[in-house]
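Enquirer: Next comes start.cif, mmCIF, C-alpha atoms:
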```cif
data_protein
loop_
_atom_site.group_PDB
_atom_site.id
_atom_site.type_symbol
_atom_site.label_atom_id
_atom_site.label_comp_id
_atom_site.auth_asym_id
_atom_site.auth_seq_id
_atom_site.Cartn_x
_atom_site.Cartn_y
_atom_site.Cartn_z
ATOM 1 C CA MET P 13 126.413 -157.161 22.814
ATOM 2 C CA GLY P 14 124.335 -155.224 20.224
ATOM 3 C CA PHE P 15 122.785 -152.174 21.847
ATOM 4 C CA TYR P 16 124.153 -153.092 25.259
ATOM 5 C CA SER P 17 127.217 -150.898 24.747
ATOM 6 C CA LYS P 18 127.508 -149.500 28.261
ATOM 7 C CA ARG P 19 127.702 -151.146 31.654
ATOM 8 C CA VAL P 20 127.371 -149.756 35.144
ATOM 9 C CA LEU P 21 128.169 -151.328 38.465
ATOM 10 C CA VAL P 22 125.205 -150.743 40.784
ATOM 11 C CA ARG P 23 125.271 -152.116 44.328
ATOM 12 C CA GLU P 24 127.834 -154.745 43.372
ATOM 13 C CA ALA P 25 125.634 -156.124 40.550
ATOM 14 C CA MET P 26 126.577 -155.670 36.909
ATOM 15 C CA SER P 27 123.707 -153.926 35.096
ATOM 16 C CA GLU P 28 123.593 -153.094 31.423
ATOM 17 C CA ILE P 29 122.444 -149.592 30.509
ATOM 18 C CA ILE P 30 119.717 -149.296 27.864
ATOM 19 C CA THR P 31 119.284 -145.952 26.095
ATOM 20 C CA SER P 32 117.387 -146.912 22.920
ATOM 21 C CA LYS P 33 113.744 -147.921 22.503
ATOM 22 C CA GLU P 34 114.979 -150.187 19.699
ATOM 23 C CA ASN P 35 116.875 -152.288 22.214
ATOM 24 C CA PRO P 36 115.936 -155.954 21.577
ATOM 25 C CA ALA P 37 115.466 -156.738 25.275
ATOM 26 C CA VAL P 38 113.044 -153.825 25.702
ATOM 27 C CA LYS P 39 111.144 -154.697 22.524
ATOM 28 C CA HIS P 40 110.875 -158.318 23.646
ATOM 29 C CA ALA P 41 109.526 -157.306 27.070
ATOM 30 C CA ALA P 42 107.021 -154.910 25.462
ATOM 31 C CA ARG P 43 105.674 -157.710 23.262
ATOM 32 C CA LEU P 44 105.292 -159.966 26.292
ATOM 33 C CA LEU P 45 103.244 -157.227 27.946
ATOM 34 C CA LYS P 46 100.836 -156.860 25.056
ATOM 35 C CA SER P 47 100.430 -160.308 23.480
ATOM 36 C CA ALA P 48 99.139 -163.512 25.086
ATOM 37 C CA LYS P 49 100.092 -165.384 21.910
ATOM 38 C CA PHE P 50 103.672 -164.139 22.183
ATOM 39 C CA ARG P 51 103.786 -165.071 25.878
ATOM 40 C CA ARG P 52 102.759 -168.626 25.033
ATOM 41 C CA GLN P 53 105.252 -168.763 22.173
ATOM 42 C CA GLU P 54 108.123 -167.541 24.353
ATOM 43 C CA GLU P 55 106.920 -169.349 27.496
ATOM 44 C CA ALA P 56 107.611 -166.132 29.386
ATOM 45 C CA PHE P 57 105.727 -163.159 30.815
ATOM 46 C CA LEU P 58 106.367 -159.669 32.153
ATOM 47 C CA ALA P 59 105.755 -158.858 35.825
ATOM 48 C CA GLU P 60 105.521 -155.209 36.835
ATOM 49 C CA GLY P 61 105.927 -153.540 40.183
ATOM 50 C CA VAL P 62 108.044 -154.069 43.261
ATOM 51 C CA ARG P 63 105.621 -156.317 45.136
ATOM 52 C CA LEU P 64 104.779 -158.585 42.202
ATOM 53 C CA CYS P 65 108.409 -158.964 41.128
ATOM 54 C CA ARG P 66 109.444 -159.641 44.719
ATOM 55 C CA ASP P 67 106.676 -162.245 45.033
ATOM 56 C CA ALA P 68 107.955 -163.924 41.887
ATOM 57 C CA ALA P 69 111.487 -164.041 43.299
ATOM 58 C CA TYR P 70 110.398 -165.389 46.680
ATOM 59 C CA SER P 71 108.127 -167.960 45.004
ATOM 60 C CA GLY P 72 111.001 -169.492 43.056
ATOM 61 C CA VAL P 73 109.972 -168.178 39.645
ATOM 62 C CA ARG P 74 112.897 -168.067 37.223
ATOM 63 C CA ILE P 75 113.672 -164.407 36.458
ATOM 64 C CA LEU P 76 115.271 -164.137 33.035
ATOM 65 C CA ARG P 77 115.715 -160.376 32.873
ATOM 66 C CA MET P 78 115.115 -157.512 35.287
ATOM 67 C CA PHE P 79 114.627 -153.847 34.338
ATOM 68 C CA TYR P 80 114.704 -150.866 36.681
ATOM 69 C CA THR P 81 115.081 -147.090 36.626
ATOM 70 C CA GLU P 82 117.336 -144.831 38.676
ATOM 71 C CA GLU P 83 114.221 -143.536 40.423
ATOM 72 C CA ALA P 84 113.268 -147.084 41.398
ATOM 73 C CA LEU P 85 116.765 -147.716 42.744
ATOM 74 C CA GLU P 86 116.473 -144.637 44.939
ATOM 75 C CA ARG P 87 113.008 -145.566 46.249
ATOM 76 C CA TYR P 88 113.399 -149.340 46.553
ATOM 77 C CA PRO P 89 117.140 -150.034 46.942
ATOM 78 C CA GLN P 90 116.762 -153.325 48.829
ATOM 79 C CA ASP P 91 114.178 -154.720 46.420
ATOM 80 C CA VAL P 92 116.214 -153.722 43.373
ATOM 81 C CA GLU P 93 119.284 -155.350 44.876
ATOM 82 C CA LEU P 94 117.321 -158.534 45.627
ATOM 83 C CA LEU P 95 115.983 -158.741 42.081
ATOM 84 C CA GLN P 96 119.370 -157.999 40.560
ATOM 85 C CA GLY P 97 120.728 -160.976 42.450
ATOM 86 C CA LYS P 98 117.889 -163.255 41.295
ATOM 87 C CA ALA P 99 117.824 -162.193 37.644
ATOM 88 C CA GLU P 100 119.986 -163.769 34.991
ATOM 89 C CA ARG P 101 120.526 -160.306 33.494
ATOM 90 C CA ALA P 102 119.751 -156.835 34.856
ATOM 91 C CA PHE P 103 119.169 -153.633 32.895
ATOM 92 C CA LEU P 104 119.080 -149.974 33.905
ATOM 93 C CA LEU P 105 116.801 -147.892 31.695
ATOM 94 C CA SER P 106 115.317 -144.415 31.570
ATOM 95 C CA GLN P 107 111.930 -143.459 32.973
ATOM 96 C CA GLN P 108 110.717 -142.817 29.438
ATOM 97 C CA LEU P 109 111.642 -146.305 28.265
ATOM 98 C CA ALA P 110 110.082 -147.778 31.404
ATOM 99 C CA GLY P 111 106.775 -146.193 30.408
ATOM 100 C CA GLY P 112 106.685 -148.433 27.344
ATOM 101 C CA LEU P 113 106.787 -151.520 29.572
ATOM 102 C CA SER P 114 104.102 -150.373 31.984
ATOM 103 C CA ASP P 115 100.444 -151.319 32.186
ATOM 104 C CA THR P 116 99.758 -149.028 35.153
ATOM 105 C CA VAL P 117 99.008 -145.322 35.532
ATOM 106 C CA THR P 118 101.913 -144.674 37.911
ATOM 107 C CA PRO P 119 104.674 -147.210 37.163
ATOM 108 C CA GLN P 120 107.213 -147.940 39.878
ATOM 109 C CA GLY P 121 109.967 -148.571 37.366
ATOM 110 C CA VAL P 122 110.630 -152.223 38.220
ATOM 111 C CA PHE P 123 109.924 -155.056 35.753
ATOM 112 C CA CYS P 124 110.897 -158.715 35.455
ATOM 113 C CA VAL P 125 110.708 -161.032 32.468
ATOM 114 C CA CYS P 126 109.926 -164.422 34.009
ATOM 115 C CA ALA P 127 109.717 -167.976 32.734
ATOM 116 C CA MET P 128 106.225 -169.446 32.775
ATOM 117 C CA LEU P 129 105.389 -172.093 35.324
ATOM 118 C CA ASP P 130 104.274 -175.386 33.779
ATOM 119 C CA LYS P 131 100.562 -175.764 34.559
ATOM 120 C CA THR P 132 99.633 -178.168 31.777
ATOM 121 C CA ASP P 133 100.258 -181.551 33.387
ATOM 122 C CA CYS P 134 99.288 -180.858 36.976
ATOM 123 C CA LEU P 135 95.838 -182.468 37.100
ATOM 124 C CA ASP P 136 97.189 -185.758 38.419
ATOM 125 C CA LYS P 137 99.156 -183.877 41.072
ATOM 126 C CA MET P 138 96.130 -182.218 42.621
ATOM 127 C CA ASP P 139 95.749 -183.125 46.285
ATOM 128 C CA ALA P 140 93.028 -185.773 46.516
ATOM 129 C CA SER P 141 92.188 -184.617 50.039
ATOM 130 C CA GLY P 142 91.554 -180.962 49.206
ATOM 131 C CA GLN P 143 88.801 -178.808 47.759
ATOM 132 C CA LEU P 144 89.151 -177.544 44.194
ATOM 133 C CA LEU P 145 87.597 -174.863 42.029
ATOM 134 C CA GLY P 146 87.030 -175.301 38.301
ATOM 135 C CA LEU P 147 86.835 -172.296 35.958
ATOM 136 C CA GLU P 148 85.427 -172.695 32.467
ATOM 137 C CA ASP P 149 86.095 -169.961 29.891
ATOM 138 C CA ILE P 150 86.373 -167.046 32.335
ATOM 139 C CA GLN P 151 87.121 -164.062 30.093
ATOM 140 C CA ASP P 152 87.541 -161.035 32.357
ATOM 141 C CA PRO P 153 91.135 -160.710 33.654
ATOM 142 C CA SER P 154 89.940 -158.795 36.701
ATOM 143 C CA ASN P 155 87.530 -161.600 37.579
ATOM 144 C CA LEU P 156 90.193 -164.255 37.145
ATOM 145 C CA GLY P 157 92.760 -162.364 39.207
ATOM 146 C CA THR P 158 90.282 -161.864 42.037
ATOM 147 C CA VAL P 159 89.261 -165.529 42.019
ATOM 148 C CA LEU P 160 92.862 -166.754 42.178
ATOM 149 C CA ARG P 161 93.699 -164.338 44.993
ATOM 150 C CA THR P 162 90.637 -165.482 46.949
ATOM 151 C CA ALA P 163 91.387 -169.162 46.304
ATOM 152 C CA GLU P 164 94.854 -168.791 47.789
ATOM 153 C CA ALA P 165 93.594 -166.740 50.734
ATOM 154 C CA LEU P 166 90.945 -169.312 51.636
ATOM 155 C CA GLY P 167 93.359 -172.243 51.363
ATOM 156 C CA MET P 168 91.829 -173.974 48.357
ATOM 157 C CA GLY P 169 93.661 -177.084 47.197
ATOM 158 C CA GLY P 170 93.934 -175.771 43.655
ATOM 159 C CA VAL P 171 92.177 -174.369 40.599
ATOM 160 C CA ILE P 172 91.467 -176.092 37.270
ATOM 161 C CA LEU P 173 91.175 -173.761 34.269
ATOM 162 C CA THR P 174 90.141 -174.466 30.703
ATOM 163 C CA GLN P 175 92.170 -173.145 27.797
ATOM 164 C CA GLY P 176 89.204 -170.883 27.036
ATOM 165 C CA CYS P 177 89.974 -168.801 30.116
ATOM 166 C CA CYS P 178 91.888 -165.560 29.689
ATOM 167 C CA ASP P 179 95.660 -165.749 30.099
ATOM 168 C CA VAL P 180 96.716 -166.127 33.743
ATOM 169 C CA TYR P 181 99.928 -164.255 32.856
ATOM 170 C CA SER P 182 98.186 -161.152 31.550
ATOM 171 C CA PRO P 183 99.108 -157.975 33.471
ATOM 172 C CA LYS P 184 95.652 -157.540 35.015
ATOM 173 C CA VAL P 185 95.433 -161.160 36.177
ATOM 174 C CA LEU P 186 98.913 -161.015 37.685
ATOM 175 C CA ARG P 187 98.153 -157.809 39.583
ATOM 176 C CA GLY P 188 94.692 -158.923 40.630
ATOM 177 C CA SER P 189 95.953 -162.237 41.945
ATOM 178 C CA MET P 190 98.543 -160.498 44.149
ATOM 179 C CA GLY P 191 101.086 -163.184 43.293
ATOM 180 C CA ALA P 192 98.711 -166.145 43.745
ATOM 181 C CA VAL P 193 99.524 -167.179 40.153
ATOM 182 C CA PHE P 194 103.030 -168.043 41.364
ATOM 183 C CA ARG P 195 101.972 -170.152 44.355
ATOM 184 C CA LEU P 196 98.493 -171.584 43.873
ATOM 185 C CA PRO P 197 98.326 -175.138 42.475
ATOM 186 C CA MET P 198 96.699 -174.841 39.047
ATOM 187 C CA ALA P 199 96.076 -177.104 36.093
ATOM 188 C CA LEU P 200 95.251 -176.036 32.556
ATOM 189 C CA VAL P 201 92.984 -178.397 30.611
ATOM 190 C CA GLU P 202 91.639 -178.245 27.088
ATOM 191 C CA THR P 203 88.011 -178.860 28.048
ATOM 192 C CA MET P 204 86.304 -179.495 31.363
ATOM 193 C CA PRO P 205 84.257 -182.730 30.937
ATOM 194 C CA PRO P 206 87.289 -185.072 30.625
ATOM 195 C CA ALA P 207 88.889 -183.357 33.625
ATOM 196 C CA VAL P 208 85.685 -183.849 35.622
ATOM 197 C CA LYS P 209 85.701 -187.577 34.891
ATOM 198 C CA ALA P 210 89.403 -187.854 35.748
ATOM 199 C CA LEU P 211 88.778 -186.182 39.110
ATOM 200 C CA GLU P 212 85.817 -188.462 39.807
ATOM 201 C CA ARG P 213 88.115 -191.440 39.322
ATOM 202 C CA LYS P 214 90.384 -189.918 41.959
ATOM 203 C CA GLY P 215 87.487 -189.745 44.414
ATOM 204 C CA PHE P 216 86.339 -186.149 43.956
ATOM 205 C CA VAL P 217 82.671 -185.213 44.104
ATOM 206 C CA THR P 218 82.003 -182.981 41.084
ATOM 207 C CA MET P 219 79.485 -180.143 41.260
ATOM 208 C CA ALA P 220 78.288 -177.692 38.628
ATOM 209 C CA ALA P 221 77.346 -174.232 39.941
ATOM 210 C CA VAL P 222 74.219 -173.043 38.132
ATOM 211 C CA PRO P 223 71.780 -170.112 38.616
ATOM 212 C CA ASP P 224 68.824 -172.454 39.098
ATOM 213 C CA ARG P 225 66.594 -172.346 42.167
ATOM 214 C CA LYS P 226 65.864 -176.049 41.662
ATOM 215 C CA ALA P 227 69.529 -176.953 42.160
ATOM 216 C CA GLU P 228 70.913 -177.942 45.562
ATOM 217 C CA PRO P 229 71.674 -174.878 47.734
ATOM 218 C CA ILE P 230 75.407 -174.699 48.381
ATOM 219 C CA THR P 231 74.629 -173.893 52.020
ATOM 220 C CA GLN P 232 73.136 -177.364 52.433
ATOM 221 C CA VAL P 233 76.055 -179.278 50.931
ATOM 222 C CA ARG P 234 78.223 -181.208 53.365
ATOM 223 C CA PHE P 235 81.762 -181.232 52.015
ATOM 224 C CA SER P 236 82.870 -184.402 53.758
ATOM 225 C CA SER P 237 84.714 -185.662 50.666
ATOM 226 C CA PRO P 238 87.193 -184.018 48.302
ATOM 227 C CA SER P 239 85.126 -181.892 45.944
ATOM 228 C CA ILE P 240 85.358 -179.589 42.968
ATOM 229 C CA VAL P 241 82.803 -176.895 42.198
ATOM 230 C CA LEU P 242 82.771 -175.575 38.634
ATOM 231 C CA VAL P 243 82.012 -171.967 37.681
ATOM 232 C CA GLY P 244 81.324 -170.939 34.101
ATOM 233 C CA ASN P 245 81.731 -168.065 31.694
ATOM 234 C CA GLU P 246 80.516 -164.615 32.782
ATOM 235 C CA GLY P 247 77.799 -164.402 30.159
ATOM 236 C CA ASN P 248 76.860 -167.996 29.397
ATOM 237 C CA GLY P 249 77.704 -169.949 32.530
ATOM 238 C CA LEU P 250 78.862 -173.540 32.307
ATOM 239 C CA LYS P 251 78.507 -175.417 29.047
ATOM 240 C CA PRO P 252 75.648 -177.952 28.968
ATOM 241 C CA GLU P 253 78.058 -180.842 28.449
ATOM 242 C CA THR P 254 80.049 -179.760 31.511
ATOM 243 C CA ILE P 255 76.917 -179.622 33.650
ATOM 244 C CA ARG P 256 75.923 -183.095 32.447
ATOM 245 C CA ALA P 257 79.388 -184.441 33.264
ATOM 246 C CA CYS P 258 79.088 -183.400 36.926
ATOM 247 C CA GLN P 259 77.521 -185.576 39.590
ATOM 248 C CA ARG P 260 75.565 -182.758 41.247
ATOM 249 C CA ARG P 261 74.173 -179.295 40.508
ATOM 250 C CA VAL P 262 74.497 -176.599 43.167
ATOM 251 C CA THR P 263 73.421 -172.987 43.412
ATOM 252 C CA ILE P 264 73.870 -169.938 45.632
ATOM 253 C CA PRO P 265 70.546 -169.088 47.311
ATOM 254 C CA MET P 266 69.452 -165.535 46.454
ATOM 255 C CA LEU P 267 66.477 -163.692 47.905
ATOM 256 C CA GLY P 268 66.653 -160.647 45.635
ATOM 257 C CA ARG P 269 65.505 -160.193 42.064
ATOM 258 C CA ALA P 270 68.916 -160.689 40.432
ATOM 259 C CA GLU P 271 69.119 -163.914 38.455
ATOM 260 C CA SER P 272 72.879 -164.362 38.765
ATOM 261 C CA LEU P 273 76.052 -163.014 40.330
ATOM 262 C CA ASN P 274 79.308 -161.706 38.960
ATOM 263 C CA ALA P 275 81.597 -164.673 38.269
ATOM 264 C CA SER P 276 84.269 -163.650 40.784
ATOM 265 C CA VAL P 277 81.654 -162.962 43.484
ATOM 266 C CA ALA P 278 79.958 -166.306 42.842
ATOM 267 C CA ALA P 279 83.264 -168.174 42.907
ATOM 268 C CA SER P 280 84.282 -166.443 46.138
ATOM 269 C CA LEU P 281 81.022 -167.340 47.876
ATOM 270 C CA LEU P 282 81.243 -170.933 46.703
ATOM 271 C CA MET P 283 84.839 -171.277 47.868
ATOM 272 C CA TRP P 284 84.045 -169.722 51.254
ATOM 273 C CA GLU P 285 81.223 -172.177 51.802
ATOM 274 C CA MET P 286 83.363 -175.120 50.665
ATOM 275 C CA MET P 287 86.216 -174.288 53.022
ATOM 276 C CA ARG P 288 83.920 -173.366 55.926
ATOM 277 C CA CYS P 289 81.998 -176.619 55.678
ATOM 278 C CA ALA P 290 85.116 -178.696 55.081
ATOM 279 C CA GLY P 291 86.592 -177.185 58.246
ATOM 280 C CA GLU P 292 83.498 -178.013 60.255
ATOM 281 C CA VAL P 293 83.535 -181.599 59.019
ATOM 282 C CA SER P 294 87.222 -182.111 59.778
ATOM 283 C CA SER P 295 86.869 -180.634 63.271
#
```
Could you rewrite the structure in this file as structure tokens?

Expert:
Amino acid sequence: MGFYSKRVLVREAMSEIITSKENPAVKHAARLLKSAKFRRQEEAFLAEGVRLCRDAAYSGVRILRMFYTEEALERYPQDVELLQGKAERAFLLSQQLAGGLSDTVTPQGVFCVCAMLDKTDCLDKMDASGQLLGLEDIQDPSNLGTVLRTAEALGMGGVILTQGCCDVYSPKVLRGSMGAVFRLPMALVETMPPAVKALERKGFVTMAAVPDRKAEPITQVRFSSPSIVLVGNEGNGLKPETIRACQRRVTIPMLGRAESLNASVAASLLMWEMMRCAGEVSS
């Protein structure tokens, strides 16, 4: 048992009490919080907060370990009980120890170590009748979280991400996505051009979003076929080879003096137009 020397029965669930910051379970969770490399190595991530942990549980994510404080039990008794029942192991820890697992200013005292969802071999499973978004080397976790949340809200068929994108299991992406990471169909690919060609073979129309007034305005595109629109890195946009791999080049018409838009704003506008037009065509 190591440091897990005490046990307490809380709401009919056996929870192990942690009193030391040297506890291996706490140290493991703290490393998952801070290191994308360690998350990939362990194939696990740390979710924080009542809503996010509850979303993980309801979405069928495997919860390996759950941590909570006495304060959290008092404030969220039903949620703590739910997560205790879903987790393979549950731990009660002090507020001070909980602070070491938090990435927020005011932690709620609820954390779950979850097994990663396999997103590496999902390209062939993408719905050939839906609309997709491709993200190449998006680096800002806040941007990525917002894009994934918007994609789920608008009913996108899925999102393709390159390995150059920031980690979808980072704390900021998880919070920003509002649980979309758990539910949205996603595929992780090494580079985008081969994925573009694979989707073309499945019948998708492939489009590169570029800040070029000579490109086809997205407002004039008729999404009568399954399509994917690709959005690039915040600073550099799409790679030249990715643009060349696509069948068409599209742009968001802008009347002001700005040359480009924030990546999450651009992606949101593109997705809105895709789903609006696809709805008009199907009706």

Enquirer: As a ChimeraX atom specification, please: the residues near segment 279-285 of chain P (cut-off 9 Å, all atoms listed in the file, same-chain neighbours under 2 positions excluded).

Expert: /P:143-145,147,158-159,162-163,166,168,221,230-231,233,241-243,263-264,274-277,287-290

Enquirer: Taking 6 positions as the minimum chain separation for residues in the same chain, which residues sit within 10 Å of Lys46 of chain P when counting only C-alpha atoms? Answer as an NGL selection string.

Expert: :P and (57-58 or 113 or 115 or 182-183)

Enquirer: Which residues fall under the PyMOL selection byres ((chain P and resi 89-104) around 8) in this file, as a PyMOL selection string?

Expert: chain P and resi 23+25-30+62+65-66+69+74-82+84-88+105-106+122

Enquirer: Please compute the atom CA of Lys251 of chain P-atom CA of Leu273 of chain P distance, one decimal, in Å.

Expert: 16.9 Å

Enquirer: Please identify all polymer residues within 12 Å of Ala56 of chain P, counting all atoms listed in the file, omitting same-chain residues fewer than 3 positions from it, and present them as a ChimeraX atom specification.

Expert: /P:40-45,47-53,59,73-77,124-130,179-182

Enquirer: With C-alpha atoms retained, export the selected residues as a PDB file, in the coordinates of the input.

Expert:
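Resulting contents of selection.pdb:
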```pdb
ATOM      1  CA  HIS P  40     110.875-158.318  23.646  1.00  0.00           C
ATOM      2  CA  ALA P  41     109.526-157.306  27.070  1.00  0.00           C
ATOM      3  CA  ALA P  42     107.021-154.910  25.462  1.00  0.00           C
ATOM      4  CA  ARG P  43     105.674-157.710  23.262  1.00  0.00           C
ATOM      5  CA  LEU P  44     105.292-159.966  26.292  1.00  0.00           C
ATOM      6  CA  LEU P  45     103.244-157.227  27.946  1.00  0.00           C
ATOM      7  CA  SER P  47     100.430-160.308  23.480  1.00  0.00           C
ATOM      8  CA  ALA P  48      99.139-163.512  25.086  1.00  0.00           C
ATOM      9  CA  LYS P  49     100.092-165.384  21.910  1.00  0.00           C
ATOM     10  CA  PHE P  50     103.672-164.139  22.183  1.00  0.00           C
ATOM     11  CA  ARG P  51     103.786-165.071  25.878  1.00  0.00           C
ATOM     12  CA  ARG P  52     102.759-168.626  25.033  1.00  0.00           C
ATOM     13  CA  GLN P  53     105.252-168.763  22.173  1.00  0.00           C
ATOM     14  CA  ALA P  59     105.755-158.858  35.825  1.00  0.00           C
ATOM     15  CA  VAL P  73     109.972-168.178  39.645  1.00  0.00           C
ATOM     16  CA  ARG P  74     112.897-168.067  37.223  1.00  0.00           C
ATOM     17  CA  ILE P  75     113.672-164.407  36.458  1.00  0.00           C
ATOM     18  CA  LEU P  76     115.271-164.137  33.035  1.00  0.00           C
ATOM     19  CA  ARG P  77     115.715-160.376  32.873  1.00  0.00           C
ATOM     20  CA  CYS P 124     110.897-158.715  35.455  1.00  0.00           C
ATOM     21  CA  VAL P 125     110.708-161.032  32.468  1.00  0.00           C
ATOM     22  CA  CYS P 126     109.926-164.422  34.009  1.00  0.00           C
ATOM     23  CA  ALA P 127     109.717-167.976  32.734  1.00  0.00           C
ATOM     24  CA  MET P 128     106.225-169.446  32.775  1.00  0.00           C
ATOM     25  CA  LEU P 129     105.389-172.093  35.324  1.00  0.00           C
ATOM     26  CA  ASP P 130     104.274-175.386  33.779  1.00  0.00           C
ATOM     27  CA  ASP P 179      95.660-165.749  30.099  1.00  0.00           C
ATOM     28  CA  VAL P 180      96.716-166.127  33.743  1.00  0.00           C
ATOM     29  CA  TYR P 181      99.928-164.255  32.856  1.00  0.00           C
ATOM     30  CA  SER P 182      98.186-161.152  31.550  1.00  0.00           C
TER      31      SER P 182
END
```

Enquirer: Can you tell me how far atom CA of Ser237 of chain P sits from atom CA of Ala140 of chain P, in Å to one decimal?

Expert: 9.3 Å

Enquirer: Provide the atom CA of Phe216 of chain P to atom CA of Gln259 of chain P distance in Å, to one decimal place.

Expert: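 It comes out at 9.9 Å.
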
Enquirer: Once 8 Å is added on each side, what are the centre and the three edge lengths, in Å to one decimal, of the axis-aligned box enclosing the listed atoms of segment 191-209 of chain P? Present them as lines of an AutoDock Vina configuration file.

Expert:
```
center_x = 93.6
center_y = -175.4
center_z = 35.7
size_x = 34.8
size_y = 40.4
size_z = 33.3
```
